[in-house]
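Okay, structure first, notes after.
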Amino acid sequence: MRAAVVALAVLAAGCGASRPLKMDQPFQAPAELRPDEALAAYQRYCAELSSFSAAGDLEVKDLKAARVRRFGARLVAARPGRLYVKGSVAVVTALEVVADGGRFWFQVPSKKKVWTGVSGGAPRTEAADAPYEALRPGDVVAALLPEPVAEGARLVWEADATTLAVGELEGDGLRLARRVVFDRATLQLRRLLFYDAQGDLVTEARLAEWQDGLPRDVTLLRREGYQARLTFDRAERNVAAPDRLFEPRVPQGFETVEVTS
């Protein structure tokens with residue numbers, strides 16, 4: 001008992017001798033964000049964005065095999081589900097991706113091959129080409145031109161994480177389709193997470209470095225261990241996107257490989 005009293009006395013003396021805490025800035029509670037505000041901001045962003053045109057750099061990685069490729073990139077994405085990407089190394093075209101909303105064509109000139117399939121599938125290539133699998137056309141379009149929340153969708157607001165979960169009722173629970181994570185102060189999108197029919201996370205898009213209402217840094221991560229990062233020197237919204245831009249161009253003599261989902 002005496003030892004306990006002595007210990008308490010020592011603690012009390014130590015507390016009395018401690019210096020007061022210093023704060024560089026006064027404490028500010030996080031700004032309150034209501035679910036209706038977040039949903040309205042997301043719906044407005046989607047509605048005001050019909051196309052996305054940009055130029056910069058593209059980096060694709062196969063994290064399992066520790067392979068990395070880097071390109072200069074030019075891209076145009078347009079609703080619904082259309083995409084054109086040209087990746088170059090020292091002004092030589094290294095890859096070209098085209099999607100017309102129904103199908104995609106993934107061309108690698110150095111191999112004289114074009115992989116094609118129904119949009120939503122992935123260009124499954126041999127091991128030497130594995131890093132290109134990071135650039136799934138549907139993932140790129142979904143990140144740059146996210147779809148609005150459909151009428152009747154079930155929503156869950158996770159206030160602490162400033163996250164809007166979107167899904168459908170299934171049995172006694174909610175089957176997730178995607179999550180939208182917001183910046184609390186600006187209402188800009190920070191992350192988009194996409195789930196498969198079993199409710200498992202498939203793809204994550206991270207959006208950063210916002211300028212003039214558009215992200216200049218977009219990172220795509222897939223559960224199979226692939227990653228693509230697009231960093232833009234310039235980006236524009238709602239530019240003209242003629243249909244001919246999204247038409248396939250298969251050079252003569254190139255092998256065409258049909259991809260199954």
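Simple scheme: letters A, B, ... for chains in structure tokens order, numbers from 1 for residues in each chain, numbers from 1 for ligands in the order shown.
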
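Within 12 Å of Gly253 in chain A, once only C-alpha atoms are used and residues closer than 4 positions along the same chain are dropped, the contacting residues are Pro109, Lys111, Lys112, Lys113 and Val114 of chain A.
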
### Message
Applying 9 Å and only C-alpha atoms, which residues near Phe106 in chain A remain after dropping the ones on its own chain fewer than 4 positions away? List them as a PyMOL selection string.
### Response
chain A and resi 95-99+113-116+123+137

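Our summary of the geometry notes that CA of Ala41 in chain A is positioned 13.9 Å from CA of Trp157 in chain A.
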
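Across A:Asn238, A:Thr163, A:Gly72, A:Gln211, the tightest approach to Arg191 in chain A is made by A:Thr163 when counting only C-alpha atoms.
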
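With only C-alpha atoms as the atoms that count, the residue of A:Ala143, A:Leu58, A:Leu192, A:Val108 with the shortest distance to Val166 in chain A is A:Leu192.
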
### Task
Name all residues at most 8 Å from Ala94 in chain A (count only C-alpha atoms; drop same-chain ones fewer than 5 positions away) and give them as an MDAnalysis selection string.
chainID A and resid 71 86:89 108:110

Could those selected residues go to a file with all heavy atoms, as a CSV table (one decimal), in the first residue's frame?
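Saved result, selection_8.csv, follows:
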chain,number,residue,atom,x,y,z
A,71,PHE,N,5.4,5.2,-70.6
A,71,PHE,CA,5.1,5.8,-71.9
A,71,PHE,C,4.7,7.2,-71.8
A,71,PHE,O,4.2,7.7,-70.8
A,71,PHE,CB,4.0,5.0,-72.6
A,71,PHE,CG,4.1,3.5,-72.5
A,71,PHE,CD1,3.5,2.8,-71.4
A,71,PHE,CD2,4.7,2.8,-73.5
A,71,PHE,CE1,3.6,1.4,-71.4
A,71,PHE,CE2,4.8,1.4,-73.4
A,71,PHE,CZ,4.2,0.7,-72.3
A,86,LYS,N,-3.1,6.3,-76.7
A,86,LYS,CA,-1.9,6.1,-77.5
A,86,LYS,C,-0.7,6.2,-76.5
A,86,LYS,O,-0.5,7.3,-75.9
A,86,LYS,CB,-1.8,7.0,-78.7
A,86,LYS,CG,-0.5,6.8,-79.5
A,86,LYS,CD,-0.5,7.8,-80.7
A,86,LYS,CE,0.8,7.6,-81.5
A,86,LYS,NZ,0.8,8.5,-82.7
A,87,GLY,N,0.1,5.2,-76.4
A,87,GLY,CA,1.3,5.2,-75.6
A,87,GLY,C,2.5,5.2,-76.4
A,87,GLY,O,2.6,4.3,-77.3
A,88,SER,N,3.4,6.1,-76.2
A,88,SER,CA,4.6,6.2,-77.1
A,88,SER,C,5.9,6.2,-76.2
A,88,SER,O,5.9,6.6,-75.1
A,88,SER,CB,4.6,7.5,-77.9
A,88,SER,OG,3.4,7.5,-78.6
A,89,VAL,N,7.0,5.7,-76.9
A,89,VAL,CA,8.3,5.7,-76.3
A,89,VAL,C,9.2,6.4,-77.3
A,89,VAL,O,9.4,5.8,-78.4
A,89,VAL,CB,8.8,4.3,-75.9
A,89,VAL,CG1,10.3,4.4,-75.4
A,89,VAL,CG2,7.9,3.7,-74.9
A,108,VAL,N,-0.3,-3.8,-79.8
A,108,VAL,CA,1.1,-3.7,-79.5
A,108,VAL,C,1.9,-3.8,-80.8
A,108,VAL,O,2.1,-4.9,-81.3
A,108,VAL,CB,1.5,-4.7,-78.5
A,108,VAL,CG1,3.0,-4.5,-78.1
A,108,VAL,CG2,0.7,-4.6,-77.2
A,109,PRO,N,2.2,-2.7,-81.4
A,109,PRO,CA,2.9,-2.7,-82.7
A,109,PRO,C,4.2,-3.6,-82.8
A,109,PRO,O,4.5,-4.2,-83.8
A,109,PRO,CB,3.2,-1.3,-83.0
A,109,PRO,CG,2.1,-0.5,-82.3
A,109,PRO,CD,1.9,-1.3,-81.0
A,110,SER,N,5.0,-3.5,-81.7
A,110,SER,CA,6.2,-4.3,-81.7
A,110,SER,C,6.0,-5.8,-81.8
A,110,SER,O,6.9,-6.5,-82.3
A,110,SER,CB,7.0,-4.0,-80.4
A,110,SER,OG,6.4,-4.4,-79.3

### Task
Please provide as a list of chain:residue names all residues within 7 Å of Ala78 in chain A, with the sequence filter that same-chain residues fewer than 2 positions apart are discarded (counting only C-alpha atoms).
A:Ser50, A:Ser51, A:Phe52, A:Val76, A:Pro80, A:Gly81, A:Arg82, A:Leu83, A:Ala241

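These are the residues of range 107-211 of chain A assigned helix (DSSP H, G or I) by DSSP from backbone coordinates: Pro109, Ser110, Lys111, Ala127, Ala128, Asp129, Ala130, Pro131, Tyr132, Glu133, Ala134, Pro137, Gly138, Asp139, Val140, Val141, Ala142, Ala143 and Leu144 of chain A.
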
### Query
Of the candidates A:Val60, A:Val202, A:Val239, A:Ala40, which shows the shortest atom-to-atom distance to Asp139 in chain A, using only C-alpha atoms?
A:Val202
